[in-house]
Amino acid sequence: MADLTFYSGTMDSGKSTLALQVDHNHRARSRHGRVFTSRDRAGAGVISSRLGLSVSAIEVDADFDFWGYVVHELTHAQRIDYIVADEAQFYTTSQIDTLAKIADELDIDVFCFGILTDFRTRLFEGSARLVELADRVMTLQVETLCWCGSRATHNARTENGVMVTEGDVIVVGDVEDADRPAPQVGYEVLCRRHHRRRMTAAAAQAAAMSPDVLPFD
C-alpha cells in the first residue's frame, strides 16, 4: 500500500538534497519514478541542492494536473512506482489532494518536500494541506542555526537589508516598476526570539558596533 509522506524543514535544512537522495535510492533499486518541483532557485524544471547536486524535473505551476499527467503516462505503457515532489509548499490545495488520490487509488508512493511556514510565520498552502493529509510528516534532521547559535525555526525575508513581515508570499522577479526599482530581497533563518525582534545577523552586527544601543540579551 502506497503512502503520502511529507518531509518539512526550514530553509538550509537539506530538503532538496534529501529529495535527490530519495530519488537516487529508489532508482538504484530499479524503481521508476517522476520528479517534480516548483520555482527552484536554479530555475524552472530542475531540483538543485546547495551542495551543488541537481537533476531535471517537471515544473509544477498552479494549473498543473498531476492526475492527468500520471494517468496519461500509465495508459501509454509508462511505469511509475513513486513520485518525488520538491518545493511542495508552492503547490495548491487541490494539487496536494490529487497527490493523496494518486497514492490511494494508483498505489504510487508520493514523497513531498517543502518548507512549512513562510517569512510571515504562516503555513504555506501546500504545506498546510500536507500536514492535514499525509500518512507521515517528517521533520528533517539537519538542524539549521540562527546567527546566535540557537536552533533556527523561522524563515525571514529582508528587503534592502531590513527584515520585513508583510508582502507577497512569493516574490516574482519581473514585476518591478521602471520608476521604482525592486528591492534587493534576501532570506535568512532565525530562532523565534530573533524573528520576533526582527534581529537578523546584519542587524545584530550593526547593533553591536553602535555604542548607543543596549544589548538585546
# chains A, B, ... in the order shown; residues from 1 in each chain; ligands from 1

$ select_by_dssp --residues "segment 17-201 of chain A" --states "strand (DSSP E)" --output "JSON, numbers by chain"
{"A": [33, 34, 35, 36, 37, 46, 47, 48, 54, 55, 56, 58, 59, 82, 83, 84, 85, 109, 110, 111, 112, 113, 114, 115, 136, 137, 138, 139, 154, 155, 156, 157, 158, 159, 162, 163, 164, 185, 186, 187, 188, 189, 190]}

$ write_last_selection --atoms "C-alpha atoms" --output "PDB file, in the first residue's frame"
ATOM      1  CA  GLY A  33       9.699   7.478 -10.736  1.00  0.00           C
ATOM      2  CA  ARG A  34       8.904  11.040 -11.718  1.00  0.00           C
ATOM      3  CA  VAL A  35      10.465  14.121 -10.166  1.00  0.00           C
ATOM      4  CA  PHE A  36       8.562  17.398  -9.815  1.00  0.00           C
ATOM      5  CA  THR A  37       9.443  20.840  -8.498  1.00  0.00           C
ATOM      6  CA  VAL A  46      15.291  21.397 -12.050  1.00  0.00           C
ATOM      7  CA  ILE A  47      15.799  20.343  -8.441  1.00  0.00           C
ATOM      8  CA  SER A  48      19.023  21.802  -7.109  1.00  0.00           C
ATOM      9  CA  SER A  54      20.859  18.760  -9.379  1.00  0.00           C
ATOM     10  CA  VAL A  55      18.502  16.696 -11.548  1.00  0.00           C
ATOM     11  CA  SER A  56      15.985  17.551 -14.232  1.00  0.00           C
ATOM     12  CA  ILE A  58       8.908  18.527 -14.236  1.00  0.00           C
ATOM     13  CA  GLU A  59       7.895  22.090 -13.383  1.00  0.00           C
ATOM     14  CA  TYR A  82       6.953   6.665  -6.968  1.00  0.00           C
ATOM     15  CA  ILE A  83       6.788  10.450  -7.172  1.00  0.00           C
ATOM     16  CA  VAL A  84       9.252  12.928  -5.683  1.00  0.00           C
ATOM     17  CA  ALA A  85       7.692  16.382  -5.313  1.00  0.00           C
ATOM     18  CA  ASP A 109       4.350   6.268  -3.311  1.00  0.00           C
ATOM     19  CA  VAL A 110       4.479  10.068  -3.083  1.00  0.00           C
ATOM     20  CA  PHE A 111       7.349  11.837  -1.312  1.00  0.00           C
ATOM     21  CA  CYS A 112       6.835  15.576  -0.799  1.00  0.00           C
ATOM     22  CA  PHE A 113       9.487  18.012   0.386  1.00  0.00           C
ATOM     23  CA  GLY A 114       8.879  21.593   1.434  1.00  0.00           C
ATOM     24  CA  ILE A 115       9.202  24.491   3.820  1.00  0.00           C
ATOM     25  CA  ARG A 136       3.648  10.707   7.744  1.00  0.00           C
ATOM     26  CA  VAL A 137       5.033  14.174   8.420  1.00  0.00           C
ATOM     27  CA  MET A 138       8.790  14.007   8.952  1.00  0.00           C
ATOM     28  CA  THR A 139      10.916  16.844  10.325  1.00  0.00           C
ATOM     29  CA  HIS A 154      11.647  30.562  11.261  1.00  0.00           C
ATOM     30  CA  ASN A 155      12.361  31.868   7.760  1.00  0.00           C
ATOM     31  CA  ALA A 156      12.988  35.613   7.500  1.00  0.00           C
ATOM     32  CA  ARG A 157      12.882  37.858   4.441  1.00  0.00           C
ATOM     33  CA  THR A 158      14.918  41.034   4.097  1.00  0.00           C
ATOM     34  CA  GLU A 159      14.455  43.878   1.646  1.00  0.00           C
ATOM     35  CA  VAL A 162      15.867  45.234   6.517  1.00  0.00           C
ATOM     36  CA  MET A 163      13.677  42.362   7.750  1.00  0.00           C
ATOM     37  CA  VAL A 164      10.033  42.519   6.635  1.00  0.00           C
ATOM     38  CA  VAL A 185      15.462  40.544  -1.464  1.00  0.00           C
ATOM     39  CA  GLY A 186      17.290  38.065   0.760  1.00  0.00           C
ATOM     40  CA  TYR A 187      16.381  35.241   3.120  1.00  0.00           C
ATOM     41  CA  GLU A 188      17.766  34.099   6.463  1.00  0.00           C
ATOM     42  CA  VAL A 189      16.807  31.507   9.069  1.00  0.00           C
ATOM     43  CA  LEU A 190      16.304  32.723  12.645  1.00  0.00           C
TER      44      LEU A 190
END

$ select_by_dssp --residues "chain A" --states "helix (DSSP H, G or I)" --output "PyMOL selection string"
chain A and resi 15-28+66-75+88-90+93-106+125-133+192-196+201-209

$ residues_around --residues "Leu74 of chain A" --least-positions-apart "4" --cutoff "12 Å" --atoms "only C-alpha atoms" --output "JSON, numbers by chain"
{"A": [32, 33, 34, 67, 68, 69, 70, 78, 79, 80, 81, 102, 106, 108]}

$ write_last_selection --atoms "C-alpha atoms" --output "PDB file, in the first residue's frame"
ATOM      1  CA  HIS A  32      10.711   4.032 -11.895  1.00  0.00           C
ATOM      2  CA  GLY A  33       9.699   7.478 -10.736  1.00  0.00           C
ATOM      3  CA  ARG A  34       8.904  11.040 -11.718  1.00  0.00           C
ATOM      4  CA  TRP A  67      -3.782  13.135 -12.106  1.00  0.00           C
ATOM      5  CA  GLY A  68      -3.970  13.801 -15.835  1.00  0.00           C
ATOM      6  CA  TYR A  69      -0.198  13.516 -16.186  1.00  0.00           C
ATOM      7  CA  VAL A  70       0.114  10.243 -14.273  1.00  0.00           C
ATOM      8  CA  GLN A  78       4.956   4.012 -18.824  1.00  0.00           C
ATOM      9  CA  ARG A  79       5.768   2.691 -15.370  1.00  0.00           C
ATOM     10  CA  ILE A  80       5.577   4.929 -12.296  1.00  0.00           C
ATOM     11  CA  ASP A  81       6.391   3.441  -8.887  1.00  0.00           C
ATOM     12  CA  ILE A 102      -2.619   9.064  -6.590  1.00  0.00           C
ATOM     13  CA  LEU A 106      -2.995   4.190  -8.090  1.00  0.00           C
ATOM     14  CA  ILE A 108       2.125   5.069  -6.154  1.00  0.00           C
TER      15      ILE A 108
END

$ atom_distance --atom1 "atom CA of Thr98 of chain A" --atom2 "atom CA of Phe64 of chain A"
10.7 Å

$ residues_around --residues "Asp63 of chain A" --least-positions-apart "3" --cutoff "10 Å" --atoms "only C-alpha atoms" --output "number ranges by chain"
A: 60, 66, 91-92, 94-95

$ write_last_selection --atoms "N, CA and C atoms" --output "mmCIF file, in the first residue's frame"
data_model
loop_
_atom_site.group_PDB
_atom_site.id
_atom_site.type_symbol
_atom_site.label_atom_id
_atom_site.label_comp_id
_atom_site.auth_asym_id
_atom_site.auth_seq_id
_atom_site.Cartn_x
_atom_site.Cartn_y
_atom_site.Cartn_z
ATOM 1 N N VAL A 60 6.040 22.433 -11.886
ATOM 2 C CA VAL A 60 4.638 22.479 -11.465
ATOM 3 C C VAL A 60 4.209 23.934 -11.301
ATOM 4 N N PHE A 66 -1.704 16.816 -11.868
ATOM 5 C CA PHE A 66 -0.959 15.608 -11.531
ATOM 6 C C PHE A 66 -1.702 14.351 -11.992
ATOM 7 N N TYR A 91 2.617 24.219 -3.984
ATOM 8 C CA TYR A 91 1.515 23.539 -4.664
ATOM 9 C C TYR A 91 0.186 24.019 -4.087
ATOM 10 N N THR A 92 -0.851 23.894 -4.879
ATOM 11 C CA THR A 92 -2.180 24.295 -4.408
ATOM 12 C C THR A 92 -2.797 23.191 -3.557
ATOM 13 N N SER A 94 -5.625 21.807 -4.066
ATOM 14 C CA SER A 94 -6.155 20.813 -4.991
ATOM 15 C C SER A 94 -5.068 19.859 -5.476
ATOM 16 N N GLN A 95 -3.882 20.374 -5.727
ATOM 17 C CA GLN A 95 -2.780 19.519 -6.184
ATOM 18 C C GLN A 95 -2.351 18.532 -5.104
#

$ residues_around --residues "Thr117 of chain A" --least-positions-apart "4" --cutoff "8 Å" --atoms "only C-alpha atoms" --output "list in words"
Thr10, Thr121, Arg122, Leu123, Phe124, Ser127, His154 and Asn155 of chain A

$ write_last_selection --atoms "N, CA, C and O atoms" --output "short mmCIF file (atom, residue, chain, number, x, y, z; two decimals), in the first residue's frame"
data_model
loop_
_atom_site.label_atom_id
_atom_site.label_comp_id
_atom_site.auth_asym_id
_atom_site.auth_seq_id
_atom_site.Cartn_x
_atom_site.Cartn_y
_atom_site.Cartn_z
N THR A 10 13.08 24.10 7.71
CA THR A 10 13.33 25.48 7.33
C THR A 10 14.23 25.52 6.10
O THR A 10 14.69 24.48 5.61
N THR A 121 5.66 33.68 9.17
CA THR A 121 5.43 32.59 10.14
C THR A 121 4.08 31.92 9.93
O THR A 121 3.55 31.30 10.85
N ARG A 122 3.53 31.99 8.73
CA ARG A 122 2.25 31.36 8.42
C ARG A 122 2.48 30.16 7.51
O ARG A 122 3.37 30.17 6.67
N LEU A 123 1.63 29.15 7.68
CA LEU A 123 1.76 27.95 6.87
C LEU A 123 1.54 28.25 5.39
O LEU A 123 0.61 28.97 5.03
N PHE A 124 2.41 27.69 4.55
CA PHE A 124 2.15 27.73 3.11
C PHE A 124 0.91 26.89 2.82
O PHE A 124 0.60 25.93 3.53
N SER A 127 1.85 23.19 2.18
CA SER A 127 2.33 22.56 3.41
C SER A 127 1.19 22.31 4.40
O SER A 127 1.14 21.27 5.06
N HIS A 154 12.44 29.66 12.08
CA HIS A 154 11.65 30.56 11.26
C HIS A 154 12.46 31.08 10.07
O HIS A 154 13.68 31.30 10.18
N ASN A 155 11.75 31.31 8.96
CA ASN A 155 12.36 31.87 7.76
C ASN A 155 12.09 33.37 7.73
O ASN A 155 10.94 33.80 7.88
#

$ atom_distance --atom1 "atom CA of Arg197 of chain A" --atom2 "atom CA of Val169 of chain A"
20.2 Å

$ atom_distance --atom1 "atom CA of Lys15 of chain A" --atom2 "atom CA of Leu133 of chain A"
19.4 Å
